[in-house]
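One structure below.
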Amino acid sequence: MAEHEDRRLFADLIWLVFLGGLAVLPPIVEIHKQLTLLAIGLFQIFENDFVRVAGKWGRDYDVFIKILLATLLVGHTGEINSSYYLIYYLPVVTAAMYFGPIQTLLWTAVASVAYSSYLYPALKENPGADVDTTELVLRNVFFFLFAIVVNRVVTEGRRREEKLAETNRRLEQAEAEARRSERLAALGQLSAGLAHELRNPLGVIKGSAEMLGKQVKSDNALATEMASNISLEVNRLNMLVSRFLDFARPSQLEKRPEDLTAIVDRALKAVHDRWPDAPVTVERQYAANLPPVPVDADLCEQVFTNLFSNAYEAAPASGGKIRVAIRNLGTDGGQSGVLAEVEDNGPGIPPELREQIFNPFFTTKKSGVGLGLSIVSKIVDDHQGWIRVSSPAAAGAQPQGALFRVFFPAEQE
């Protein structure tokens with residue numbers, strides 16, 4: 001910030017030096033010339049503040065005032081024959097930096113008309129005056145040529161800045177996904193070791209509980225119930241350990257070209273069958289002529305089953321809505337593929353939690369384990385795709401609903 005202010009002060013100083021040089025050139029005794037140059041200098045220094053305060057039309061007012069000041073300067077230094085006609089390049093360049101080609105040409109035409117307007121009083125005072133028409137036309141033509149060249153340079157610079165900003169955005173996303181993948185890999189190794197260590201004592205506990213259940217007398221209801229509870233809890237822990245292993249072990253993908261819409265429909269049906277009475281309506285938006293994507297159908301169905309299950313659970317009691325959209329993304333960073341969107345109208349996910357929800361063992365549910373979205377993310381990563389979450393609410397509004405976007409790359413030729 002300080003460096004930017006220093007550069008601005010230096011530019012203002014250079015600007016004042018040049019205007020001071022113009023002020024000491026003939027005609028030196030013309031006080032109106034000195035005052036006009038002073039006004040031009042002050043306006044140029046406080047230009048940014050003026051445009052900000054002026055609001056929507058600030059840039060147009062900026063160019064118009066510069067045309068007026070340039071016209072005054074030329075009027076006090078020789079009118080149509082003034083050597084200071086070059087001052088019109090100031091509003092021309094300003095318009096070229098602010099606007100597109102059409103508006104730049106319009107403002108350049110206004111500057112050209114303002115300068116050429118001095119031709120009328122010159123001919124009126126001296127009808128027989130020898131006016132160099134060719135010189136006048138050349139000066140005006142160069143106004144337009146200069147405006148187009150500057151506008152093209154500025155437009156190309158903006159395009160490169162936008163491209164650089166987009167590249168930086170993609171790089172930040174890639175870095176975030178790489179960090180997430182590293183966390184998943186490290187926690188996966190930990191989960192695998194922990195799961196293997198837990199299975200042996202769980203097997204011993206379950207076997208002991210079953211033996212205890214057989215040994216106790218049938219009239220000992222308390223011992224029988226306790227042995228049964230031990231077996232049930234061991235089974236639950238075994239299921240949890242199996243999920244740990246599913247998350248930790250490398251996926252053995254059996255990729256085949258698949259129709260993603262068919263996979264999504266199967267997942268929707270499975271979740272609907274689980275909650276047949278849920279007050280949820282589903283809106284499908286499938287694009288036509290979608291290319292097949294090379295995926296493991298079973299693992300891919302698991303991805304959408306988990307996303308739809310979360311959407312059903314987040315549905316409000318007044319009625320849930322789920323929008324499922326599938327379209328051809330074209331290219332994403334040079335990679336073509338199919339994008340699926342799952343959007344619900346639940347309470348949404350706070351921005352500070354959107355990166356954490358894919359971490360293992362992170363959950364906001366009372367009875368959740370926190371592995372569902374971790375496994376989803378791992379499956380998508382194994383397919384060289386990506387998954388991202390956002391809120392479909394408008395900017396500045398309260399987050400409402402969650403929007404999951406899942407990308408699967410198309411088959412490479």
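Chain labels follow the order of the structure tokens: the first chain is A, the next B, and so on; residue numbering restarts at 1 in every chain, and ligands are counted from 1 in their shown order.
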Ser318 of chain A environment, 12 Å, only C-alpha atoms, sequence neighbours closer than 6 positions dropped, as a PDB file with C-alpha atoms, in the first residue's frame:
ATOM      1  CA  ALA A 278     -39.851 -37.665   3.165  1.00  0.00           C
ATOM      2  CA  PRO A 279     -41.428 -34.354   1.970  1.00  0.00           C
ATOM      3  CA  VAL A 280     -38.798 -33.848  -0.728  1.00  0.00           C
ATOM      4  CA  THR A 281     -39.291 -32.943  -4.387  1.00  0.00           C
ATOM      5  CA  ASN A 345     -32.720 -25.868   0.342  1.00  0.00           C
ATOM      6  CA  GLY A 346     -31.523 -26.927   3.771  1.00  0.00           C
TER       7      GLY A 346
END
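The protein and nucleic acid residues lying at most 12 Å from Val154 of chain A are Val93, Thr94, Ala95, Ala96, Met97, Tyr98, Phe99, Gly100, Pro101, Thr104, Ala147, Ile148, Val149, Val150, Asn151, Arg152, Glu156, Gly157, Arg158, Arg159, Arg160 and Glu161 of chain A, with only C-alpha atoms considered and sequence neighbours fewer than 2 positions away removed.
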Contacts of segment 290-307 of chain A at 9 Å (only C-alpha atoms; same-chain gap of 3+ positions) as a PyMOL selection string: chain A and resi 251-261+263-264+266-268+270-271+286-287+310-312+326-328+337-338+342+372-373+375-377+379-380+383+404+408-411
Within 10 Å of Pro351 of chain A using only C-alpha atoms, minus same-chain residues under 4 positions, as a PyMOL selection string: chain A and resi 355-356+389-391+399
12 Å contact set for Val141 of chain A, only C-alpha atoms, chain neighbours under 6 positions out, as a PyMOL selection string: chain A and resi 89+105+108-109+111-113+116+134-135+147-148
Could you write those residues out with N, CA and C atoms, as a short mmCIF file (atom, residue, chain, number, x, y, z; two decimals), in the first residue's frame?
data_model
loop_
_atom_site.label_atom_id
_atom_site.label_comp_id
_atom_site.auth_asym_id
_atom_site.auth_seq_id
_atom_site.Cartn_x
_atom_site.Cartn_y
_atom_site.Cartn_z
N TYR A 89 -4.92 15.25 -26.43
CA TYR A 89 -4.58 13.84 -26.24
C TYR A 89 -4.87 13.38 -24.80
N LEU A 105 -14.22 6.06 -29.24
CA LEU A 105 -14.34 6.82 -30.49
C LEU A 105 -15.34 7.97 -30.34
N THR A 108 -13.61 10.70 -28.46
CA THR A 108 -12.59 11.29 -29.33
C THR A 108 -13.24 12.22 -30.34
N ALA A 109 -14.41 11.84 -30.84
CA ALA A 109 -15.14 12.70 -31.77
C ALA A 109 -15.55 14.00 -31.08
N ALA A 111 -13.92 15.47 -28.62
CA ALA A 111 -12.69 16.26 -28.52
C ALA A 111 -12.32 16.87 -29.87
N SER A 112 -12.50 16.11 -30.92
CA SER A 112 -12.19 16.60 -32.26
C SER A 112 -13.10 17.76 -32.65
N VAL A 113 -14.38 17.64 -32.35
CA VAL A 113 -15.33 18.72 -32.65
C VAL A 113 -15.00 19.96 -31.82
N SER A 116 -12.01 21.55 -33.50
CA SER A 116 -12.35 22.08 -34.83
C SER A 116 -13.32 23.24 -34.74
N THR A 134 -5.32 20.54 -44.69
CA THR A 134 -4.66 19.22 -44.59
C THR A 134 -4.11 19.01 -43.19
N GLU A 135 -3.46 20.06 -42.65
CA GLU A 135 -2.89 19.96 -41.30
C GLU A 135 -3.99 19.73 -40.26
N ALA A 147 -6.24 7.19 -30.11
CA ALA A 147 -7.25 6.62 -29.22
C ALA A 147 -7.39 5.12 -29.42
N ILE A 148 -7.41 4.69 -30.69
CA ILE A 148 -7.58 3.27 -30.98
C ILE A 148 -6.38 2.46 -30.50
#
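Atom CA of His32 of chain A to atom CA of Phe142 of chain A spans 27.1 Å [interatomic distance, one decimal].
Counting from atom CA of His76 of chain A, the distance to atom CA of Leu35 of chain A is 10.5 Å.
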Pairwise distance for atom CA of Asp273 of chain A and atom CA of Leu237 of chain A, rounded to one decimal in Å: 25.9 Å
All strand (DSSP E) positions in segment 213-403 of chain A, as a ChimeraX atom specification: /A:256-258,280-286,293-295,320-328,337-344,386-390,403
Exercise: Asn229 of chain A partners within 12 Å, only C-alpha atoms, chain neighbours under 6 positions left out, as a list in words: Ile205, Lys206, Ala209, Glu210, Leu212, Gly213, Leu222, Ala223, Asn235 and Arg236 of chain A
Generate the output file for the selected residues, C-alpha atoms, as a compact mmCIF listing (two decimals), in the first residue's frame.
# COMPACT_ATOMS: atom_id res chain seq x y z
CA ILE A 205 -14.69 -59.38 22.86
CA LYS A 206 -17.39 -60.67 20.52
CA ALA A 209 -19.68 -62.34 24.73
CA GLU A 210 -21.09 -65.20 22.66
CA LEU A 212 -20.86 -65.90 27.97
CA GLY A 213 -24.31 -65.88 26.46
CA LEU A 222 -29.69 -59.43 33.06
CA ALA A 223 -26.64 -61.45 31.99
CA ASN A 235 -21.01 -55.41 15.49
CA ARG A 236 -21.48 -51.63 15.34
Residue nearest Gly385 of chain A among A:Gln400, A:Val406, A:Ile45, A:Val63 (counting only C-alpha atoms): A:Val406
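Across A:Leu202, A:Ala227, A:Leu22, A:Ile357, the tightest approach to Lys214 of chain A is made by A:Ala227 when counting only C-alpha atoms.
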Those of segment 134-372 of chain A in DSSP helix (DSSP H, G or I), formatted as a PyMOL selection string: chain A and resi 134-215+221-248+260-274+297-314+351-353+356-358+372
